[in-house]
file entry.tsv (TSV, C-alpha atoms)
chain	number	residue	atom	x	y	z
Y	1	MET	CA	6.93	-41.78	-4.15
Y	2	SER	CA	4.13	-39.32	-3.43
Y	3	THR	CA	2.60	-41.77	-0.94
Y	4	LEU	CA	5.72	-41.41	1.21
Y	5	VAL	CA	5.14	-37.66	1.61
Y	6	PRO	CA	2.48	-36.64	4.17
Y	7	ALA	CA	-0.46	-34.85	2.57
Y	8	ALA	CA	0.02	-31.78	4.78
Y	9	VAL	CA	3.61	-31.46	3.56
Y	10	ALA	CA	2.68	-32.02	-0.08
Y	11	ARG	CA	0.07	-29.26	0.09
Y	12	LEU	CA	2.53	-26.64	1.29
Y	13	PRO	CA	3.11	-23.76	-1.18
Y	14	TRP	CA	6.52	-24.99	-2.21
Y	15	ARG	CA	7.07	-22.54	-5.05
Y	16	LEU	CA	6.53	-19.63	-2.69
Y	17	LEU	CA	8.61	-21.24	0.06
Y	18	PHE	CA	11.48	-21.95	-2.33
Y	19	LEU	CA	11.38	-18.31	-3.49
Y	20	VAL	CA	11.52	-17.00	0.07
Y	21	MET	CA	14.19	-19.52	1.07
Y	22	GLY	CA	16.22	-18.53	-1.98
Y	23	ILE	CA	16.19	-14.83	-1.02
Y	24	ALA	CA	17.01	-15.64	2.61
Y	25	THR	CA	19.85	-17.99	1.59
Y	26	PHE	CA	21.31	-15.30	-0.64
Y	27	GLY	CA	21.06	-12.91	2.30
Y	28	CYS	CA	23.06	-15.31	4.48
Y	29	ILE	CA	25.69	-15.59	1.75
Y	30	VAL	CA	26.03	-11.80	1.63
Y	31	LEU	CA	26.26	-11.63	5.43
Y	32	PHE	CA	28.90	-14.39	5.35
Y	33	SER	CA	30.96	-12.22	3.02
Y	34	ALA	CA	30.30	-9.05	5.04
Y	35	ALA	CA	31.82	-10.82	8.06
Y	36	GLY	CA	35.01	-11.53	6.08
Y	37	GLY	CA	34.15	-15.13	5.23
Y	38	SER	CA	32.81	-16.17	8.63
Y	39	PHE	CA	29.43	-17.55	9.65
Y	40	THR	CA	29.70	-15.59	12.86
Y	41	PRO	CA	28.46	-13.21	14.01
Y	42	TRP	CA	25.73	-12.65	11.41
Y	43	ALA	CA	25.12	-15.38	8.84
Y	44	ALA	CA	24.54	-18.31	11.22
Y	45	MET	CA	22.18	-16.35	13.47
Y	46	GLN	CA	20.30	-14.96	10.47
Y	47	GLY	CA	19.80	-18.47	9.09
Y	48	ALA	CA	18.58	-19.80	12.44
Y	49	ARG	CA	16.13	-16.93	12.80
Y	50	PHE	CA	14.79	-17.51	9.32
Y	51	ILE	CA	14.13	-21.20	10.01
Y	52	VAL	CA	12.22	-20.32	13.20
Y	53	PHE	CA	10.16	-17.58	11.54
Y	54	LEU	CA	9.51	-19.72	8.47
Y	55	GLY	CA	8.01	-22.34	10.75
Y	56	MET	CA	5.94	-19.60	12.39
Y	57	ALA	CA	4.65	-18.43	8.99
Y	58	ILE	CA	3.63	-21.98	8.03
Y	59	VAL	CA	1.74	-22.38	11.32
Y	60	ILE	CA	-0.01	-19.03	10.76
Y	61	SER	CA	-0.97	-20.10	7.23
Y	62	ARG	CA	-2.98	-22.99	8.72
Y	63	LEU	CA	-5.06	-20.69	10.92
Y	64	PRO	CA	-8.59	-19.65	9.86
Y	65	VAL	CA	-8.96	-16.10	8.57
Y	66	SER	CA	-11.87	-15.66	10.98
Y	67	LEU	CA	-9.34	-15.79	13.81
Y	68	PHE	CA	-7.51	-12.79	12.32
Y	69	LYS	CA	-10.82	-10.91	12.33
Y	70	GLN	CA	-11.48	-11.76	15.97
Y	71	LEU	CA	-7.98	-10.77	17.07
Y	72	ALA	CA	-7.69	-7.57	14.99
Y	73	PHE	CA	-8.93	-5.09	17.61
Y	74	PRO	CA	-7.73	-6.95	20.75
Y	75	GLY	CA	-4.28	-7.40	19.19
Y	76	TYR	CA	-4.15	-3.71	18.28
Y	77	VAL	CA	-4.99	-2.72	21.85
Y	78	ILE	CA	-2.44	-5.09	23.40
Y	79	ILE	CA	0.36	-3.89	21.12
Y	80	GLY	CA	-0.68	-0.29	21.79
Y	81	ILE	CA	-0.27	-0.93	25.52
Y	82	LEU	CA	3.17	-2.39	24.84
Y	83	LEU	CA	4.09	0.81	22.98
Y	84	LEU	CA	3.06	2.80	26.04
Y	85	LEU	CA	5.21	0.54	28.21
Y	86	VAL	CA	8.16	1.27	25.90
Y	87	GLU	CA	7.79	4.96	26.79
Y	88	LEU	CA	7.68	4.15	30.48
Y	89	ILE	CA	10.19	1.33	30.99
Y	90	GLY	CA	11.64	0.65	27.55
Y	91	ALA	CA	15.30	-0.18	27.01
Y	92	VAL	CA	17.44	2.48	25.35
Y	93	GLY	CA	19.86	1.60	22.58
Y	94	GLY	CA	21.60	3.76	20.00
Y	95	GLY	CA	19.91	6.89	21.34
Y	96	SER	CA	16.41	5.45	20.86
Y	97	GLN	CA	13.93	3.91	23.27
Y	98	ARG	CA	12.27	1.14	21.25
Y	99	TRP	CA	12.57	-2.17	23.11
Y	100	LEU	CA	11.08	-4.03	26.04
Y	101	ASN	CA	13.54	-6.28	27.87
Y	102	LEU	CA	11.76	-9.60	28.46
Y	103	GLY	CA	14.85	-11.29	29.83
Y	104	PHE	CA	15.15	-13.93	27.10
Y	105	MET	CA	14.76	-11.40	24.26
Y	106	GLN	CA	14.40	-7.74	23.37
Y	107	LEU	CA	10.87	-7.15	22.04
Y	108	GLN	CA	10.22	-4.24	19.68
Y	109	PRO	CA	6.43	-3.65	19.80
Y	110	SER	CA	6.55	-1.12	16.95
Y	111	GLU	CA	7.39	-3.98	14.56
Y	112	LEU	CA	4.28	-5.89	15.67
Y	113	MET	CA	2.18	-2.78	15.09
Y	114	LYS	CA	2.94	-2.83	11.35
Y	115	PRO	CA	0.71	-5.86	10.61
Y	116	ALA	CA	-1.60	-5.04	13.55
Y	117	ILE	CA	-2.59	-1.65	12.12
Y	118	ILE	CA	-3.50	-3.28	8.81
Y	119	LEU	CA	-5.69	-5.89	10.52
Y	120	ALA	CA	-7.40	-3.25	12.66
Y	121	VAL	CA	-8.16	-0.82	9.82
Y	122	ALA	CA	-9.25	-3.67	7.51
Y	123	ARG	CA	-11.55	-4.99	10.26
Y	124	PHE	CA	-13.07	-1.53	10.74
Y	125	TYR	CA	-13.92	-1.15	7.05
Y	126	SER	CA	-15.22	-4.70	6.81
Y	127	LEU	CA	-17.74	-3.83	9.56
Y	128	LEU	CA	-18.65	-0.45	8.05
Y	129	PRO	CA	-21.87	-0.48	5.98
Y	130	ALA	CA	-21.28	0.27	2.30
Y	131	GLY	CA	-23.40	3.42	2.42
Y	132	GLU	CA	-21.20	4.94	5.15
Y	133	ILE	CA	-17.93	4.91	3.20
Y	134	ARG	CA	-18.26	8.54	2.07
Y	135	LYS	CA	-19.27	9.91	5.46
Y	136	TRP	CA	-17.11	11.39	8.22
Y	137	THR	CA	-17.68	8.25	10.30
Y	138	ALA	CA	-15.53	6.37	7.77
Y	139	VAL	CA	-12.63	8.79	8.20
Y	140	TRP	CA	-12.00	9.76	11.82
Y	141	PRO	CA	-11.86	6.27	13.46
Y	142	PRO	CA	-9.09	5.05	11.10
Y	143	LEU	CA	-7.26	8.35	11.63
Y	144	VAL	CA	-7.25	7.66	15.37
Y	145	LEU	CA	-6.26	4.01	14.84
Y	146	ILE	CA	-3.31	5.08	12.69
Y	147	GLY	CA	-2.34	8.29	14.45
Y	148	VAL	CA	-2.01	7.01	18.02
Y	149	PRO	CA	0.59	4.25	17.40
Y	150	ALA	CA	2.38	6.32	14.76
Y	151	GLY	CA	2.75	9.15	17.29
Y	152	LEU	CA	4.01	6.80	20.01
Y	153	VAL	CA	6.60	5.35	17.63
Y	154	LEU	CA	7.65	8.77	16.35
Y	155	VAL	CA	8.66	9.95	19.83
Y	156	GLN	CA	10.93	6.89	20.41
Y	157	PRO	CA	12.22	8.29	17.92
Y	158	ASP	CA	11.73	5.99	14.91
Y	159	LEU	CA	10.65	7.90	11.82
Y	160	GLY	CA	10.99	4.90	9.49
Y	161	THR	CA	8.71	2.61	11.48
Y	162	ALA	CA	6.18	5.39	12.10
Y	163	THR	CA	6.05	6.06	8.36
Y	164	THR	CA	5.55	2.34	7.65
Y	165	ILE	CA	2.61	2.22	10.07
Y	166	VAL	CA	1.02	5.26	8.41
Y	167	VAL	CA	1.55	3.90	4.89
Y	168	GLY	CA	0.04	0.51	5.78
Y	169	GLY	CA	-3.05	2.02	7.40
Y	170	VAL	CA	-3.59	4.65	4.70
Y	171	THR	CA	-3.24	2.01	1.97
Y	172	VAL	CA	-6.07	-0.02	3.52
Y	173	ALA	CA	-8.22	3.11	3.85
Y	174	PHE	CA	-7.61	4.02	0.21
Y	175	LEU	CA	-8.46	0.53	-1.05
Y	176	ALA	CA	-11.58	0.51	1.14
Y	177	GLY	CA	-13.02	3.20	-1.13
Y	178	LEU	CA	-12.53	6.54	0.62
Y	179	PRO	CA	-12.92	9.46	-1.81
Y	180	LEU	CA	-9.74	10.32	-3.69
Y	181	ARG	CA	-10.14	14.01	-2.84
Y	182	LEU	CA	-9.42	13.23	0.80
Y	183	PHE	CA	-6.00	11.82	-0.06
Y	184	ILE	CA	-5.18	14.64	-2.48
Y	185	GLY	CA	-6.19	17.22	0.12
Y	186	SER	CA	-4.25	15.45	2.86
Y	187	ALA	CA	-1.16	15.28	0.64
Y	188	ALA	CA	-1.40	19.00	-0.13
Y	189	ALA	CA	-1.83	19.83	3.56
Y	190	GLY	CA	1.09	17.58	4.43
Y	191	ILE	CA	3.35	19.38	1.97
Y	192	ALA	CA	2.26	22.73	3.40
Y	193	VAL	CA	3.18	21.77	6.97
Y	194	LEU	CA	6.49	20.10	6.07
Y	195	PRO	CA	8.56	23.07	7.33
Y	196	ILE	CA	6.75	22.89	10.71
Y	197	PHE	CA	7.18	19.10	10.87
Y	198	TYR	CA	10.87	19.50	10.02
Y	199	SER	CA	11.38	21.81	12.98
Y	200	PHE	CA	10.14	19.07	15.35
Y	201	LEU	CA	12.55	16.46	14.04
Y	202	HIS	CA	15.60	15.49	16.07
Y	203	GLU	CA	18.89	17.01	14.95
Y	204	TYR	CA	20.18	13.77	13.43
Y	205	GLN	CA	16.90	13.38	11.48
Y	206	GLN	CA	17.19	16.92	10.15
Y	207	LYS	CA	20.73	16.14	9.01
Y	208	ARG	CA	19.48	13.08	7.15
Y	209	VAL	CA	17.00	15.21	5.22
Y	210	LEU	CA	19.62	17.85	4.38
Y	211	ILE	CA	22.12	15.19	3.31
Y	212	PHE	CA	19.46	13.61	1.08
Y	213	LEU	CA	19.05	16.96	-0.67
Y	214	ASP	CA	22.81	17.56	-0.91
Y	215	PRO	CA	24.87	14.39	-0.16
Y	216	GLU	CA	28.19	16.08	-0.97
Y	217	SER	CA	27.76	18.87	1.58
Y	218	ASP	CA	29.24	16.71	4.35
Y	219	PRO	CA	30.87	13.64	2.73
Y	220	LEU	CA	32.92	12.74	5.82
Y	221	GLY	CA	30.16	13.42	8.35
Y	222	ALA	CA	26.40	13.03	7.99
Y	223	GLY	CA	26.71	12.21	4.28
Y	224	TYR	CA	29.31	9.47	4.77
Y	225	HIS	CA	26.83	6.57	4.64
Y	226	ILE	CA	25.24	7.63	1.36
Y	227	SER	CA	28.55	8.50	-0.30
Y	228	GLN	CA	30.15	5.16	0.57
Y	229	SER	CA	27.00	3.28	-0.41
Y	230	LYS	CA	27.02	4.88	-3.86
Y	231	ILE	CA	30.71	4.07	-4.27
Y	232	ALA	CA	30.11	0.43	-3.33
Y	233	ILE	CA	27.18	0.02	-5.72
Y	234	GLY	CA	28.92	1.82	-8.58
Y	235	SER	CA	32.21	-0.05	-8.18
Y	236	GLY	CA	30.42	-3.38	-8.60
Y	237	GLY	CA	29.84	-2.77	-12.28
Y	238	ILE	CA	27.83	-5.30	-14.28
Y	239	PHE	CA	28.92	-8.56	-12.67
Y	240	GLY	CA	30.58	-7.34	-9.46
Y	241	LYS	CA	34.05	-7.75	-8.01
Y	242	GLY	CA	33.41	-11.35	-7.02
Y	243	PHE	CA	32.39	-13.18	-3.87
Y	244	LEU	CA	34.48	-12.17	-0.83
Y	245	ARG	CA	36.28	-9.54	-2.91
Y	246	GLY	CA	34.40	-6.43	-1.91
Y	247	THR	CA	36.58	-3.64	-0.56
Y	248	GLN	CA	34.11	-1.07	0.79
Y	249	SER	CA	32.62	-3.48	3.31
Y	250	HIS	CA	35.71	-5.57	4.07
Y	251	LEU	CA	37.85	-2.50	4.73
Y	252	ASP	CA	35.08	-0.94	6.85
Y	253	TYR	CA	34.48	2.00	4.53
Y	254	LEU	CA	30.78	1.12	4.32
Y	255	PRO	CA	29.01	1.60	7.68
Y	256	GLU	CA	26.14	-0.76	8.54
Y	257	GLY	CA	27.06	-2.98	5.60
Y	258	HIS	CA	25.27	-5.93	7.21
Y	259	THR	CA	22.03	-4.11	8.16
Y	260	ASP	CA	20.54	-1.06	6.43
Y	261	PHE	CA	23.17	-0.94	3.66
Y	262	VAL	CA	23.40	-4.67	2.95
Y	263	PHE	CA	22.26	-4.09	-0.65
Y	264	ALA	CA	25.37	-1.99	-1.25
Y	265	THR	CA	27.51	-4.80	0.17
Y	266	MET	CA	25.79	-7.25	-2.18
Y	267	ALA	CA	25.97	-4.98	-5.24
Y	268	GLU	CA	29.72	-4.47	-4.87
Y	269	GLU	CA	30.41	-8.21	-5.08
Y	270	TRP	CA	27.54	-9.34	-7.32
Y	271	GLY	CA	27.13	-6.24	-9.46
Y	272	LEU	CA	24.14	-5.10	-11.48
Y	273	ALA	CA	23.31	-8.71	-12.35
Y	274	GLY	CA	22.93	-9.67	-8.70
Y	275	GLY	CA	20.90	-6.56	-7.95
Y	276	VAL	CA	18.48	-7.16	-10.83
Y	277	ALA	CA	18.06	-10.82	-9.86
Y	278	LEU	CA	17.28	-9.85	-6.26
Y	279	ILE	CA	14.78	-7.19	-7.30
Y	280	PHE	CA	13.12	-9.68	-9.66
Y	281	ALA	CA	12.75	-12.15	-6.78
Y	282	PHE	CA	11.07	-9.48	-4.66
Y	283	MET	CA	8.80	-8.61	-7.60
Y	284	MET	CA	7.69	-12.25	-7.78
Y	285	LEU	CA	6.88	-12.20	-4.06
Y	286	LEU	CA	4.91	-8.96	-4.39
Y	287	ARG	CA	3.12	-10.26	-7.49
Y	288	TRP	CA	1.95	-13.25	-5.49
Y	289	GLY	CA	0.65	-11.02	-2.69
Y	290	ASN	CA	-1.26	-8.81	-5.13
Y	291	ARG	CA	-2.84	-11.82	-6.81
Y	292	VAL	CA	-3.98	-13.13	-3.43
Y	293	ALA	CA	-5.61	-9.77	-2.68
Y	294	LEU	CA	-7.41	-9.74	-6.03
Y	295	ARG	CA	-8.73	-13.29	-5.52
Y	296	ALA	CA	-9.81	-12.83	-1.89
Y	297	GLU	CA	-13.39	-13.79	-1.10
Y	298	ASP	CA	-14.42	-10.99	1.27
Y	299	LYS	CA	-13.58	-7.37	2.00
Y	300	PHE	CA	-11.53	-8.03	5.13
Y	301	SER	CA	-9.34	-10.62	3.39
Y	302	ARG	CA	-8.88	-8.41	0.34
Y	303	LEU	CA	-7.89	-5.34	2.34
Y	304	THR	CA	-5.64	-7.34	4.67
Y	305	ALA	CA	-3.76	-9.10	1.86
Y	306	ALA	CA	-3.29	-5.82	-0.04
Y	307	GLY	CA	-2.14	-3.95	3.07
Y	308	LEU	CA	0.34	-6.64	4.10
Y	309	THR	CA	1.73	-6.78	0.56
Y	310	MET	CA	2.11	-3.00	0.62
Y	311	THR	CA	4.08	-3.29	3.87
Y	312	ILE	CA	6.55	-5.69	2.23
Y	313	PHE	CA	6.78	-3.41	-0.82
Y	314	PHE	CA	7.47	-0.39	1.40
Y	315	TYR	CA	10.35	-2.22	3.09
Y	316	VAL	CA	11.93	-3.11	-0.25
Y	317	CYS	CA	11.26	0.16	-2.05
Y	318	VAL	CA	12.42	2.54	0.68
Y	319	ASN	CA	15.55	0.53	1.51
Y	320	LEU	CA	16.66	0.39	-2.13
Y	321	MET	CA	15.96	4.10	-2.61
Y	322	MET	CA	17.78	4.86	0.65
Y	323	VAL	CA	21.01	3.05	-0.25
Y	324	MET	CA	21.01	4.65	-3.71
Y	325	GLY	CA	20.56	8.17	-2.31
Y	326	LEU	CA	17.02	8.54	-3.66
Y	327	ALA	CA	15.46	8.82	-0.18
Y	328	PRO	CA	16.63	9.97	3.27
Y	329	VAL	CA	18.22	7.36	5.53
Y	330	VAL	CA	15.36	6.25	7.79
Y	331	GLY	CA	16.65	2.90	9.04
Y	332	ILE	CA	14.33	0.55	7.12
Y	333	PRO	CA	16.02	-2.84	6.51
Y	334	LEU	CA	15.88	-4.95	3.35
Y	335	PRO	CA	13.68	-8.05	3.91
Y	336	PHE	CA	15.57	-11.35	4.36
Y	337	MET	CA	18.86	-9.61	3.57
Y	338	SER	CA	19.52	-7.16	6.42
Y	339	TYR	CA	20.71	-8.72	9.67
Y	340	GLY	CA	18.12	-8.55	12.42
Y	341	GLY	CA	15.22	-10.51	13.85
Y	342	SER	CA	12.50	-7.88	14.32
Y	343	SER	CA	12.04	-6.99	10.66
Y	344	MET	CA	12.22	-10.64	9.58
Y	345	MET	CA	9.53	-11.50	12.13
Y	346	THR	CA	7.29	-8.77	10.68
Y	347	ILE	CA	7.79	-9.90	7.10
Y	348	MET	CA	7.12	-13.55	7.94
Y	349	LEU	CA	3.99	-12.58	9.88
Y	350	CYS	CA	2.78	-10.80	6.74
Y	351	ILE	CA	3.60	-13.75	4.49
Y	352	GLY	CA	1.98	-16.23	6.88
Y	353	MET	CA	-1.30	-14.28	6.98
Y	354	ILE	CA	-1.34	-13.82	3.20
Y	355	MET	CA	-0.82	-17.59	2.80
Y	356	ALA	CA	-3.75	-18.21	5.15
Y	357	ILE	CA	-5.98	-15.95	3.03
Y	358	ASP	CA	-4.90	-17.71	-0.16
Y	359	ARG	CA	-5.35	-21.18	1.35
Y	360	ARG	CA	-8.89	-20.26	2.38
Y	361	LYS	CA	-9.69	-19.16	-1.19
Y	362	ASN	CA	-8.30	-22.29	-2.83
Y	363	GLY	CA	-9.75	-24.69	-0.29
Y	364	SER	CA	-7.28	-27.46	-1.07
Y	365	GLY	CA	-4.49	-25.65	0.75
Y	366	GLN	CA	-2.26	-25.33	-2.33
Y	367	LEU	CA	-1.40	-21.72	-3.13
Y	368	ASN	CA	-1.64	-20.45	-6.69
Y	369	TRP	CA	0.50	-17.90	-8.45

call {"tool": "encode", "arguments": {"input": "entry.tsv", "output": "structure tokens"}}
result
Amino acid sequence: MSTLVPAAVARLPWRLLFLVMGIATFGCIVLFSAAGGSFTPWAAMQGARFIVFLGMAIVISRLPVSLFKQLAFPGYVIIGILLLLVELIGAVGGGSQRWLNLGFMQLQPSELMKPAIILAVARFYSLLPAGEIRKWTAVWPPLVLIGVPAGLVLVQPDLGTATTIVVGGVTVAFLAGLPLRLFIGSAAAGIAVLPIFYSFLHEYQQKRVLIFLDPESDPLGAGYHISQSKIAIGSGGIFGKGFLRGTQSHLDYLPEGHTDFVFATMAEEWGLAGGVALIFAFMMLLRWGNRVALRAEDKFSRLTAAGLTMTIFFYVCVNLMMVMGLAPVVGIPLPFMSYGGSSMMTIMLCIGMIMAIDRRKNGSGQLNW
């Protein structure tokens, strides 16, 4: 029977692919329910996007890691130029200017910058001599690499994406071996300037912070999302209300139940059991990414795999904290679950590059867990 299967297909990392397909399929099921038992407008499109991006990830996994090294800086520059174009001619939607209208699609360059910043910073530290890691020359170039795109994204305004870019770049810098005192000092300075930073936030962003600190202060206004999300999650109980039986989402009490707050939609119908199963699946995916980073052959591959895994973790962690009222609402979607193509493209880019790093290490092409 094995002779009937092409060798290239047999060598694919099927355990990983089945895990990712399982999460994405569950996401389509939740979106099907969120639409009142209809494949349109969300579930069918989400499934089609996943198939396309899964194919993209498999193609990326066959590319040599040396190509990622060569494209790290040029790709960063190109995406940086696209971010500048967003400021000049970008399309406006929902009060934000984040997209470039290409005619056949709306491109969000800030999503591409998430993996690009990791590649660029990892490439910088892979070129830096070991004896330079504790000198100022190891600090200011990454600060510029991270700060420029983060600033461009912040003025769109998109606080969530800007934070993701900063976290990805800083994670790579930390793992590269920068002194811990730099991060402790930066964190202390950041806390000290929080009041100044708060004053520069847009009014709706300031409201999100205040509502995070006191969700009940405006339950029918700025705190409505968090309040309804908590109600949906809590009402699900242990095993949920049952498929297609959720009330918060079906009666439109839960805003954005198919995007940022899709976990609340899921938890209402599938309960604590469904939530724990989903979190466990994400933990398996993150465990695989961490193991790839630990097994990587060279510094660039190790830093890249760790940074990309951290990006996926940040998506999952912040979204779950957000819908549970443990973090301000910053518009970060839940991978494979929230409706939307930009975030799924980013996640699949990350997975594809991590697969390429793991395939290079194993030689045979079969990924290990």

call {"tool": "closest_residue", "arguments": {"input": "entry.tsv", "among": "Y:Pro115, Y:Gly236, Y:Gly37, Y:Pro195", "to": "Y:Thr309", "atoms": "all atoms listed in the file"}}
result
Y:Pro115

call {"tool": "residues_around", "arguments": {"input": "entry.tsv", "residues": "Y:Ala264", "least_positions_apart": "2", "cutoff": "12 Å", "atoms": "all atoms listed in the file", "output": "MDAnalysis selection string"}}
result
chainID Y and resid 30:31 34 225:237 240 246:249 253:262 266:272 274:275 319:325 334 337:338

call {"tool": "write_last_selection", "arguments": {"input": "entry.tsv", "atoms": "C-alpha atoms", "output": "PDB file, in the coordinates of the input"}}
result
ATOM      1  CA  VAL Y  30      26.030 -11.800   1.630  1.00  0.00           C
ATOM      2  CA  LEU Y  31      26.260 -11.630   5.430  1.00  0.00           C
ATOM      3  CA  ALA Y  34      30.300  -9.050   5.040  1.00  0.00           C
ATOM      4  CA  HIS Y 225      26.830   6.570   4.640  1.00  0.00           C
ATOM      5  CA  ILE Y 226      25.240   7.630   1.360  1.00  0.00           C
ATOM      6  CA  SER Y 227      28.550   8.500  -0.300  1.00  0.00           C
ATOM      7  CA  GLN Y 228      30.150   5.160   0.570  1.00  0.00           C
ATOM      8  CA  SER Y 229      27.000   3.280  -0.410  1.00  0.00           C
ATOM      9  CA  LYS Y 230      27.020   4.880  -3.860  1.00  0.00           C
ATOM     10  CA  ILE Y 231      30.710   4.070  -4.270  1.00  0.00           C
ATOM     11  CA  ALA Y 232      30.110   0.430  -3.330  1.00  0.00           C
ATOM     12  CA  ILE Y 233      27.180   0.020  -5.720  1.00  0.00           C
ATOM     13  CA  GLY Y 234      28.920   1.820  -8.580  1.00  0.00           C
ATOM     14  CA  SER Y 235      32.210  -0.050  -8.180  1.00  0.00           C
ATOM     15  CA  GLY Y 236      30.420  -3.380  -8.600  1.00  0.00           C
ATOM     16  CA  GLY Y 237      29.840  -2.770 -12.280  1.00  0.00           C
ATOM     17  CA  GLY Y 240      30.580  -7.340  -9.460  1.00  0.00           C
ATOM     18  CA  GLY Y 246      34.400  -6.430  -1.910  1.00  0.00           C
ATOM     19  CA  THR Y 247      36.580  -3.640  -0.560  1.00  0.00           C
ATOM     20  CA  GLN Y 248      34.110  -1.070   0.790  1.00  0.00           C
ATOM     21  CA  SER Y 249      32.620  -3.480   3.310  1.00  0.00           C
ATOM     22  CA  TYR Y 253      34.480   2.000   4.530  1.00  0.00           C
ATOM     23  CA  LEU Y 254      30.780   1.120   4.320  1.00  0.00           C
ATOM     24  CA  PRO Y 255      29.010   1.600   7.680  1.00  0.00           C
ATOM     25  CA  GLU Y 256      26.140  -0.760   8.540  1.00  0.00           C
ATOM     26  CA  GLY Y 257      27.060  -2.980   5.600  1.00  0.00           C
ATOM     27  CA  HIS Y 258      25.270  -5.930   7.210  1.00  0.00           C
ATOM     28  CA  THR Y 259      22.030  -4.110   8.160  1.00  0.00           C
ATOM     29  CA  ASP Y 260      20.540  -1.060   6.430  1.00  0.00           C
ATOM     30  CA  PHE Y 261      23.170  -0.940   3.660  1.00  0.00           C
ATOM     31  CA  VAL Y 262      23.400  -4.670   2.950  1.00  0.00           C
ATOM     32  CA  MET Y 266      25.790  -7.250  -2.180  1.00  0.00           C
ATOM     33  CA  ALA Y 267      25.970  -4.980  -5.240  1.00  0.00           C
ATOM     34  CA  GLU Y 268      29.720  -4.470  -4.870  1.00  0.00           C
ATOM     35  CA  GLU Y 269      30.410  -8.210  -5.080  1.00  0.00           C
ATOM     36  CA  TRP Y 270      27.540  -9.340  -7.320  1.00  0.00           C
ATOM     37  CA  GLY Y 271      27.130  -6.240  -9.460  1.00  0.00           C
ATOM     38  CA  LEU Y 272      24.140  -5.100 -11.480  1.00  0.00           C
ATOM     39  CA  GLY Y 274      22.930  -9.670  -8.700  1.00  0.00           C
ATOM     40  CA  GLY Y 275      20.900  -6.560  -7.950  1.00  0.00           C
ATOM     41  CA  ASN Y 319      15.550   0.530   1.510  1.00  0.00           C
ATOM     42  CA  LEU Y 320      16.660   0.390  -2.130  1.00  0.00           C
ATOM     43  CA  MET Y 321      15.960   4.100  -2.610  1.00  0.00           C
ATOM     44  CA  MET Y 322      17.780   4.860   0.650  1.00  0.00           C
ATOM     45  CA  VAL Y 323      21.010   3.050  -0.250  1.00  0.00           C
ATOM     46  CA  MET Y 324      21.010   4.650  -3.710  1.00  0.00           C
ATOM     47  CA  GLY Y 325      20.560   8.170  -2.310  1.00  0.00           C
ATOM     48  CA  LEU Y 334      15.880  -4.950   3.350  1.00  0.00           C
ATOM     49  CA  MET Y 337      18.860  -9.610   3.570  1.00  0.00           C
ATOM     50  CA  SER Y 338      19.520  -7.160   6.420  1.00  0.00           C
TER      51      SER Y 338
END

call {"tool": "axis_aligned_box", "arguments": {"input": "entry.tsv", "around": "stretch 234-241 of chain Y", "padding_each_side": "5 Å", "output": "AutoDock Vina command-line options"}}
result
--center_x 30.9 --center_y -3.4 --center_z -11.1 --size_x 16.2 --size_y 20.4 --size_z 16.3

call {"tool": "closest_residue", "arguments": {"input": "entry.tsv", "among": "Y:Gly242, Y:Gly147, Y:Gly307, Y:Pro333", "to": "Y:Ser33", "atoms": "only C-alpha atoms"}}
result
Y:Gly242

call {"tool": "residues_around", "arguments": {"input": "entry.tsv", "residues": "stretch 55-70 of chain Y", "least_positions_apart": "6", "cutoff": "10 Å", "atoms": "only C-alpha atoms", "output": "ChimeraX atom specification"}}
result
/Y:12-13,17,49,116,119-120,122-124,126,300-301,304,345,347-360,365

call {"tool": "atom_distance", "arguments": {"input": "entry.tsv", "atom1": "atom CA of Y:Leu308", "atom2": "atom CA of Y:Val166"}}
result
12.7 Å

call {"tool": "atom_distance", "arguments": {"input": "entry.tsv", "atom1": "atom CA of Y:Leu128", "atom2": "atom CA of Y:Ile184"}}
result
22.8 Å

call {"tool": "closest_atom_pairs", "arguments": {"input": "entry.tsv", "of": "stretch 258-295 of chain Y", "to": "stretch 312-318 of chain Y", "cutoff": "10 Å", "atoms": "only C-alpha atoms", "output": "JSON lines"}}
result
{"residue": "Y:Ile279", "atom": "CA", "partner": "Y:Val316", "partner_atom": "CA", "distance": 8.6}
{"residue": "Y:Phe282", "atom": "CA", "partner": "Y:Val316", "partner_atom": "CA", "distance": 7.8}
{"residue": "Y:Met283", "atom": "CA", "partner": "Y:Phe313", "partner_atom": "CA", "distance": 8.8}
{"residue": "Y:Leu285", "atom": "CA", "partner": "Y:Ile312", "partner_atom": "CA", "distance": 9.1}
{"residue": "Y:Leu286", "atom": "CA", "partner": "Y:Phe313", "partner_atom": "CA", "distance": 6.9}
{"residue": "Y:Gly289", "atom": "CA", "partner": "Y:Ile312", "partner_atom": "CA", "distance": 9.4}

call {"tool": "closest_residue", "arguments": {"input": "entry.tsv", "among": "Y:Gly90, Y:Ala130, Y:Gly151, Y:Thr265", "to": "Y:Leu251", "atoms": "all atoms listed in the file"}}
result
Y:Thr265

call {"tool": "closest_residue", "arguments": {"input": "entry.tsv", "among": "Y:Ile29, Y:Leu194, Y:Leu82, Y:Leu180", "to": "Y:Val209", "atoms": "only C-alpha atoms"}}
result
Y:Leu194

call {"tool": "atom_distance", "arguments": {"input": "entry.tsv", "atom1": "atom CA of Y:Met344", "atom2": "atom CA of Y:Leu16"}}
result
16.2 Å

call {"tool": "residues_around", "arguments": {"input": "entry.tsv", "residues": "Y:Leu175", "least_positions_apart": "4", "cutoff": "9 Å", "atoms": "only C-alpha atoms", "output": "list in words"}}
result
Val170, Thr171, Leu303, Ala306 and Gly307 of chain Y

call {"tool": "closest_residue", "arguments": {"input": "entry.tsv", "among": "Y:Gly340, Y:Pro142, Y:Gly331, Y:Pro129", "to": "Y:Ala162", "atoms": "all atoms listed in the file"}}
result
Y:Gly331
